[in-house]
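> Got input05.txt for you, compact mmCIF, C-alpha atoms:
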```
# COMPACT_ATOMS: atom_id res chain seq x y z
CA MET A 20 -75.04 62.77 -19.49
CA SER A 21 -75.18 60.04 -16.84
CA GLU A 22 -78.18 58.30 -15.35
CA SER A 23 -78.12 57.37 -11.69
CA ASP A 24 -79.80 55.06 -9.20
CA ILE A 25 -80.85 52.70 -11.95
CA SER A 26 -79.84 49.35 -13.37
CA HIS A 27 -79.95 48.11 -16.97
CA ARG A 28 -79.92 44.56 -18.26
CA PHE A 29 -78.54 43.91 -21.74
CA ILE A 30 -77.70 41.08 -24.10
CA ILE A 31 -74.96 41.11 -26.72
CA ASN A 32 -76.72 39.31 -29.56
CA ASP A 33 -75.11 36.28 -31.24
CA SER A 34 -72.42 36.08 -28.57
CA GLY A 35 -74.10 34.12 -25.79
CA VAL A 36 -73.17 36.89 -23.34
CA ARG A 37 -75.53 38.85 -21.10
CA GLY A 38 -74.77 41.84 -18.95
CA GLN A 39 -75.88 44.21 -16.24
CA TRP A 40 -74.93 47.85 -15.65
CA THR A 41 -75.68 50.00 -12.61
CA LEU A 42 -74.89 53.44 -11.25
CA LEU A 43 -75.69 54.52 -7.69
CA ASP A 44 -75.86 58.10 -6.49
CA ALA A 45 -78.57 59.09 -3.99
CA SER A 46 -78.95 55.50 -2.73
CA TYR A 47 -75.21 55.31 -2.05
CA GLN A 48 -75.10 58.72 -0.39
CA THR A 49 -78.04 57.78 1.84
CA VAL A 50 -76.07 54.82 3.19
CA LEU A 51 -73.03 57.02 3.79
CA ALA A 52 -75.14 59.61 5.60
CA LYS A 53 -76.27 57.05 8.19
CA HIS A 54 -72.75 56.57 9.61
CA ASP A 55 -69.46 58.43 9.68
CA TYR A 56 -67.51 55.95 7.58
CA PRO A 57 -63.82 56.47 6.75
CA LEU A 58 -63.10 57.00 3.04
CA GLU A 59 -61.63 53.51 2.63
CA ILE A 60 -64.82 51.91 3.97
CA GLN A 61 -66.98 54.20 1.86
CA SER A 62 -65.16 52.91 -1.21
CA VAL A 63 -65.49 49.20 -0.56
CA LEU A 64 -69.06 49.56 0.71
CA GLY A 65 -69.99 51.40 -2.50
CA GLU A 66 -68.45 48.64 -4.59
CA MET A 67 -70.32 46.01 -2.59
CA MET A 68 -73.59 47.89 -3.08
CA ALA A 69 -73.04 48.05 -6.83
CA ALA A 70 -72.14 44.36 -6.83
CA SER A 71 -75.34 43.47 -4.99
CA ILE A 72 -77.41 45.13 -7.72
CA LEU A 73 -75.49 43.32 -10.46
CA LEU A 74 -75.80 39.94 -8.78
CA THR A 75 -79.42 40.28 -7.68
CA ALA A 76 -80.36 40.98 -11.29
CA THR A 77 -79.29 37.42 -12.17
CA LEU A 78 -81.99 35.96 -9.88
CA LYS A 79 -85.06 34.59 -11.61
CA PHE A 80 -87.38 34.69 -8.61
CA GLU A 81 -88.63 37.10 -5.97
CA GLY A 82 -86.51 37.33 -2.88
CA SER A 83 -83.29 38.91 -1.65
CA MET A 84 -79.54 38.50 -1.75
CA THR A 85 -77.11 39.38 1.02
CA ILE A 86 -73.39 39.83 0.40
CA GLN A 87 -71.49 39.75 3.66
CA ALA A 88 -67.80 39.82 4.52
CA ARG A 89 -66.65 39.12 8.06
CA GLY A 90 -63.04 40.09 8.51
CA LYS A 91 -60.29 39.72 11.07
CA GLY A 92 -58.69 43.04 10.24
CA ASN A 93 -59.76 46.59 11.11
CA VAL A 94 -63.08 45.97 9.37
CA SER A 95 -65.06 43.21 11.07
CA LEU A 96 -68.19 43.40 8.92
CA LEU A 97 -69.36 44.58 5.53
CA SER A 98 -72.93 43.68 4.66
CA VAL A 99 -75.28 44.64 1.83
CA GLU A 100 -78.79 43.33 1.34
CA CYS A 101 -80.65 43.79 -1.95
CA THR A 102 -84.13 42.64 -2.94
CA HIS A 103 -85.27 41.44 -6.36
CA ASP A 104 -86.86 44.85 -7.00
CA GLN A 105 -83.58 46.71 -6.38
CA LYS A 106 -84.16 47.95 -2.83
CA LEU A 107 -80.96 47.86 -0.83
CA ARG A 108 -79.38 48.69 2.49
CA ALA A 109 -75.81 48.37 3.76
CA ILE A 110 -73.67 48.57 6.88
CA ALA A 111 -70.03 48.30 7.95
CA ARG A 112 -68.35 47.82 11.33
CA TRP A 113 -64.76 48.71 12.01
CA GLU A 114 -62.27 49.64 14.70
CA GLY A 115 -59.03 51.57 14.54
CA ASP A 116 -57.40 53.44 11.71
CA THR A 117 -58.20 52.38 8.13
CA ARG A 118 -56.24 55.12 6.39
CA GLY A 119 -54.18 53.82 3.50
CA LEU A 120 -55.50 50.27 3.77
CA ASP A 121 -56.59 48.42 0.65
CA PHE A 122 -59.31 45.79 0.36
CA GLN A 123 -57.18 42.97 1.78
CA GLY A 124 -55.61 45.22 4.40
CA MET A 125 -58.95 46.23 5.88
CA LEU A 126 -60.47 42.76 6.06
CA GLY A 127 -57.48 40.53 6.73
CA GLN A 128 -58.22 36.82 6.64
CA SER A 129 -61.94 36.53 6.06
CA THR A 130 -64.68 34.97 3.98
CA LEU A 131 -67.37 36.29 1.70
CA ALA A 132 -70.85 34.81 2.14
CA ILE A 133 -73.52 35.24 -0.52
CA THR A 134 -76.93 34.30 0.83
CA ILE A 135 -79.94 33.99 -1.48
CA THR A 136 -83.33 34.02 0.24
CA PRO A 137 -86.31 33.39 -2.06
CA GLN A 138 -89.75 34.36 -0.87
CA GLN A 139 -90.81 30.83 -1.75
CA GLY A 140 -88.33 28.03 -1.20
CA GLU A 141 -85.19 27.33 0.78
CA ARG A 142 -82.35 29.70 1.57
CA TYR A 143 -79.06 29.05 -0.20
CA GLN A 144 -75.60 30.24 0.80
CA GLY A 145 -72.27 30.14 -0.98
CA ILE A 146 -69.00 30.98 0.77
CA VAL A 147 -65.68 31.92 -0.83
CA PRO A 148 -62.42 33.07 0.78
CA LEU A 149 -61.48 36.70 0.36
CA ASP A 150 -58.06 35.81 -0.97
CA ARG A 151 -58.10 38.04 -4.05
CA ALA A 152 -56.90 41.61 -4.38
CA THR A 153 -60.34 43.10 -5.07
CA LEU A 154 -63.99 42.43 -4.32
CA ALA A 155 -64.70 42.02 -8.04
CA GLU A 156 -62.14 39.23 -8.34
CA CYS A 157 -63.59 37.44 -5.31
CA LEU A 158 -67.07 37.57 -6.83
CA GLU A 159 -65.80 36.30 -10.17
CA GLU A 160 -64.29 33.35 -8.32
CA TYR A 161 -67.63 32.71 -6.61
CA PHE A 162 -69.46 32.43 -9.93
CA GLY A 163 -66.72 30.32 -11.44
CA SER A 164 -66.54 27.82 -8.57
CA SER A 165 -70.08 27.79 -7.18
CA GLU A 166 -72.21 28.55 -10.22
CA GLN A 167 -69.90 27.33 -13.03
CA LEU A 168 -70.64 30.50 -14.98
CA ARG A 169 -67.88 32.52 -16.59
CA THR A 170 -68.30 36.03 -15.21
CA GLN A 171 -66.49 39.34 -15.45
CA ILE A 172 -67.23 42.11 -12.95
CA LYS A 173 -66.02 45.71 -12.99
CA LEU A 174 -66.68 47.83 -9.88
CA PHE A 175 -65.92 51.53 -9.43
CA HIS A 176 -66.46 54.32 -6.92
CA GLY A 177 -65.72 58.02 -6.73
CA ASN A 178 -67.32 61.45 -6.18
CA ASN A 179 -70.02 59.94 -3.93
CA ARG A 180 -71.02 57.51 -6.66
CA ALA A 181 -70.58 53.80 -7.15
CA GLY A 182 -71.27 51.60 -10.14
CA GLY A 183 -70.48 48.40 -11.89
CA LEU A 184 -70.67 46.29 -15.01
CA LEU A 185 -71.21 42.53 -15.16
CA LEU A 186 -70.72 40.24 -18.14
CA GLN A 187 -71.75 36.62 -17.93
CA VAL A 188 -72.06 33.64 -20.25
CA LEU A 189 -75.72 32.80 -20.73
CA PRO A 190 -76.70 29.58 -18.90
CA THR A 191 -77.20 26.52 -21.09
CA HIS A 192 -80.92 26.48 -20.28
CA SER A 193 -81.44 30.03 -21.63
CA GLY A 194 -82.56 28.71 -25.01
CA ILE A 195 -79.67 30.29 -26.92
CA LYS A 196 -77.36 27.65 -28.41
CA ILE A 197 -73.84 28.55 -29.50
CA ALA A 198 -71.02 26.16 -30.33
CA GLU A 199 -68.65 25.83 -27.41
CA GLU A 200 -65.59 26.95 -29.38
CA LYS A 201 -67.37 30.01 -30.74
CA GLN A 202 -68.76 30.84 -27.31
CA GLN A 203 -65.25 30.79 -25.85
CA GLU A 204 -64.00 33.08 -28.62
CA GLU A 205 -66.91 35.48 -28.13
CA TRP A 206 -66.43 35.48 -24.37
CA GLU A 207 -62.76 36.33 -24.66
CA ARG A 208 -63.50 39.09 -27.15
CA MET A 209 -66.29 40.67 -25.07
CA THR A 210 -64.32 40.59 -21.83
CA THR A 211 -61.29 42.06 -23.54
CA LEU A 212 -63.42 44.97 -24.75
CA ALA A 213 -65.04 45.41 -21.32
CA SER A 214 -61.62 45.48 -19.67
CA THR A 215 -61.01 48.88 -21.27
CA LEU A 216 -63.84 50.45 -19.23
CA THR A 217 -62.62 53.21 -16.92
CA ALA A 218 -64.07 54.57 -13.69
CA GLU A 219 -64.52 57.97 -15.31
CA GLU A 220 -66.66 56.47 -18.07
CA LEU A 221 -68.88 54.33 -15.89
CA LEU A 222 -69.46 56.97 -13.21
CA ASN A 223 -70.16 59.84 -15.60
CA LEU A 224 -71.85 58.40 -18.70
CA ASP A 225 -75.25 56.82 -19.27
CA CYS A 226 -75.53 53.11 -19.93
CA ALA A 227 -76.22 53.37 -23.67
CA THR A 228 -73.12 55.51 -24.19
CA VAL A 229 -70.94 53.17 -22.15
CA LEU A 230 -72.14 50.12 -24.08
CA HIS A 231 -71.66 51.89 -27.41
CA ARG A 232 -68.08 52.78 -26.51
CA LEU A 233 -67.32 49.22 -25.50
CA PHE A 234 -69.29 47.22 -28.06
CA HIS A 235 -69.94 49.58 -30.97
CA GLU A 236 -69.40 46.79 -33.50
CA GLU A 237 -71.90 44.47 -31.78
CA GLN A 238 -75.67 44.31 -31.70
CA VAL A 239 -76.56 45.11 -28.10
CA GLU A 240 -80.13 44.73 -26.88
CA LEU A 241 -80.66 47.13 -23.98
CA TYR A 242 -83.60 46.54 -21.66
CA PRO A 243 -85.52 49.32 -19.84
CA ALA A 244 -83.95 50.85 -16.75
CA GLU A 245 -85.00 49.64 -13.31
CA PRO A 246 -84.84 52.09 -10.38
CA VAL A 247 -82.57 51.47 -7.39
CA VAL A 248 -83.47 52.87 -3.97
CA PHE A 249 -82.24 52.70 -0.41
CA GLU A 250 -84.92 51.10 1.73
CA CYS A 251 -84.51 49.47 5.10
CA SER A 252 -86.72 46.50 5.93
CA CYS A 253 -86.81 47.21 9.65
CA SER A 254 -90.14 47.94 11.33
CA ARG A 255 -91.62 48.15 14.81
CA GLN A 256 -93.27 44.76 14.34
CA ARG A 257 -90.04 43.05 13.25
CA THR A 258 -88.28 44.66 16.19
CA ALA A 259 -90.98 43.36 18.53
CA ASP A 260 -90.60 39.90 17.03
CA ALA A 261 -86.88 40.07 17.81
CA LEU A 262 -87.46 41.24 21.38
CA VAL A 263 -89.62 38.25 22.29
CA GLN A 264 -86.57 36.06 21.62
CA VAL A 265 -85.05 37.70 24.73
CA SER A 266 -86.30 36.54 28.12
CA ARG A 267 -89.09 38.60 29.65
CA ALA A 268 -87.13 38.89 32.88
CA GLU A 269 -84.17 40.44 31.08
CA LEU A 270 -86.38 42.96 29.28
CA GLU A 271 -88.15 43.91 32.53
CA GLU A 272 -84.77 44.37 34.20
CA ILE A 273 -83.73 46.85 31.47
CA ILE A 274 -86.99 48.77 31.91
CA ALA A 275 -86.52 48.85 35.70
CA GLU A 276 -83.08 50.39 35.21
CA GLN A 277 -83.74 52.72 32.27
CA GLY A 278 -87.50 53.21 32.16
CA HIS A 279 -87.81 51.88 28.61
CA ILE A 280 -86.11 49.76 25.96
CA GLU A 281 -84.71 51.56 22.96
CA VAL A 282 -83.76 49.54 19.88
CA THR A 283 -81.75 51.17 17.10
CA CYS A 284 -81.55 49.67 13.63
CA GLN A 285 -77.88 49.63 12.66
CA PHE A 286 -78.71 49.99 8.97
CA CYS A 287 -80.84 53.14 9.03
CA ASN A 288 -80.57 54.43 12.64
CA GLU A 289 -84.36 54.25 13.10
CA GLN A 290 -85.19 53.99 16.81
CA TYR A 291 -88.01 51.96 18.34
CA ARG A 292 -89.00 52.49 21.99
CA PHE A 293 -90.84 49.97 24.17
CA ASP A 294 -92.12 50.58 27.69
CA ALA A 295 -93.38 48.20 30.39
CA VAL A 296 -96.87 48.02 28.86
CA ASP A 297 -95.40 47.18 25.45
CA VAL A 298 -93.34 44.34 26.92
CA THR A 299 -96.39 42.93 28.70
CA LEU A 300 -98.33 42.95 25.44
CA LEU A 301 -95.42 41.30 23.60
CA PHE A 302 -95.49 38.29 25.87
CA THR A 303 -99.28 38.19 26.12
CA ALA A 304 -99.54 37.46 22.42
CA ALA A 305 -95.97 36.56 21.45
CA SER A 306 -95.54 35.56 17.81
CA PRO A 307 -91.82 35.12 17.07
CA GLY A 308 -90.85 36.10 13.56
CA ASP A 309 -87.76 37.04 11.63
CA THR A 310 -84.91 37.90 14.00
CA SER A 311 -82.32 38.75 11.39
CA GLU A 312 -82.44 42.49 11.97
CA ASP A 313 -79.14 44.03 13.00
CA LYS A 314 -80.08 46.17 16.00
CA THR A 315 -78.68 47.46 19.25
CA ILE A 316 -80.77 47.32 22.41
CA ASN A 317 -80.19 50.08 24.92
```
Could you write out this file's structure as structure tokens?


Amino acid sequence: MSESDISHRFIINDSGVRGQWTLLDASYQTVLAKHDYPLEIQSVLGEMMAASILLTATLKFEGSMTIQARGKGNVSLLSVECTHDQKLRAIARWEGDTRGLDFQGMLGQSTLAITITPQQGERYQGIVPLDRATLAECLEEYFGSSEQLRTQIKLFHGNNRAGGLLLQVLPTHSGIKIAEEKQQEEWERMTTLASTLTAEELLNLDCATVLHRLFHEEQVELYPAEPVVFECSCSRQRTADALVQVSRAELEEIIAEQGHIEVTCQFCNEQYRFDAVDVTLLFTAASPGDTSEDKTIN
């Protein structure tokens, strides 16, 4: 029986390889319920959500990671944000017909940006071209080129579920020392075994069963499950902080025409309404804050 909306970390002992497994159900369906996405976008967005959980689990500090693809094809934007405690949100923007298009066909010539934002410290961003056939392959290239860490990623979707498996060589500072030649042999063996994983297995079986099927001859240390939930970080205060970045005259003009300002969060469709009194108060004690929210002002 499968588990869902959780993530498991594991280590394959004596191999120098660590891993992460995740399966999304309600969290994935919540994202899909916010917008009427075509099936092709549902698929790639689900894979990106699963990938964000796998990658965020590799962070060793509190903060968030955003995976964002900006394309020149029918899909102009795919964006997933995940925090260190497995709270995520996602959005896609597209125009035209996406039927029958694969990953490359939807995005066209584009780049993938992975932005890491620690709560303490400076923001870091890595950018890789989306020149591979799948999202998983693009992410593997990111780790290989930017992080110098051998990484294998398997991403799947289907039946309103999405999930993934990540294998990665333990960093040299992890405290586990393995001869380079043996580490290479172990890496090749583990990734060969993981390559046999099917979508049916990952989306329908629990983590322990999946790992036993793949690595039944190995000693696998499985860590406790961590819950995954959809949670949008928007709020009335963050919306107000974004509004004060717009000129007061422009806001007052909107109110004169429409009677109020309505701001809709594009991630969760939450609406925030501001009237003339609210705008006056905003500029009386303006305190600009984070303006990264993706919202539409009406």

> Using all atoms listed in the file, which of the listed residues (A:Ser46, A:Ser62, A:Thr299, A:Ser34) sits closest to Glu271 of chain A?

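Between A:Ser46, A:Ser62, A:Thr299, A:Ser34, the residue approaching Glu271 of chain A most closely is A:Thr299.
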
> State, in Å with one decimal place, the distance from atom CA of Arg118 of chain A to atom CA of Arg89 of chain A.

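Computing the Euclidean distance for atom CA of Arg118 of chain A and atom CA of Arg89 of chain A yields 19.2 Å.
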
> Using only C-alpha atoms, pick whichever of A:Trp40, A:Phe122, A:Phe80, A:Phe249 has the shortest atom-to-atom distance to Thr228 of chain A.

A:Trp40

> Considering all atoms listed in the file, can you say which of A:His176, A:Leu168, A:Ile110, A:Ile86 comes closest to Leu58 of chain A?

A:His176

> Nearest residue to Phe29 of chain A out of A:Leu185, A:Ser266, A:Ala261, A:Tyr291, using all atoms listed in the file?

A:Leu185

> For the atom pair atom CA of Val239 of chain A and atom CA of Ala70 of chain A, what is the interatomic distance in Å to one decimal place?

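Interatomic distance here is 21.7 Å.
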
> Would you place a box with edges along x, y and z of the file around all atoms of segment 259-263 of chain A listed there, add 8 Å to each of its six sides, and report the centre and edge lengths in Å to one decimal, as AutoDock Vina command-line options?


```
--center_x -88.9 --center_y 40.8 --center_z 19.7 --size_x 20.1 --size_y 21.1 --size_z 21.3
```

> Identify, on the basis of only C-alpha atoms, every residue whose closest approach to Trp206 of chain A does not exceed 9 Å; exclude the query and any residue fewer than 5 positions from it along the same chain; express the result as a count of residues only.

9

> What lies within 12 Å of Leu270 of chain A using only C-alpha atoms, ignoring chain neighbours under 4 positions off, as a ChimeraX atom specification?

/A:259,261-266,274-282,293-299,301-302,316-317
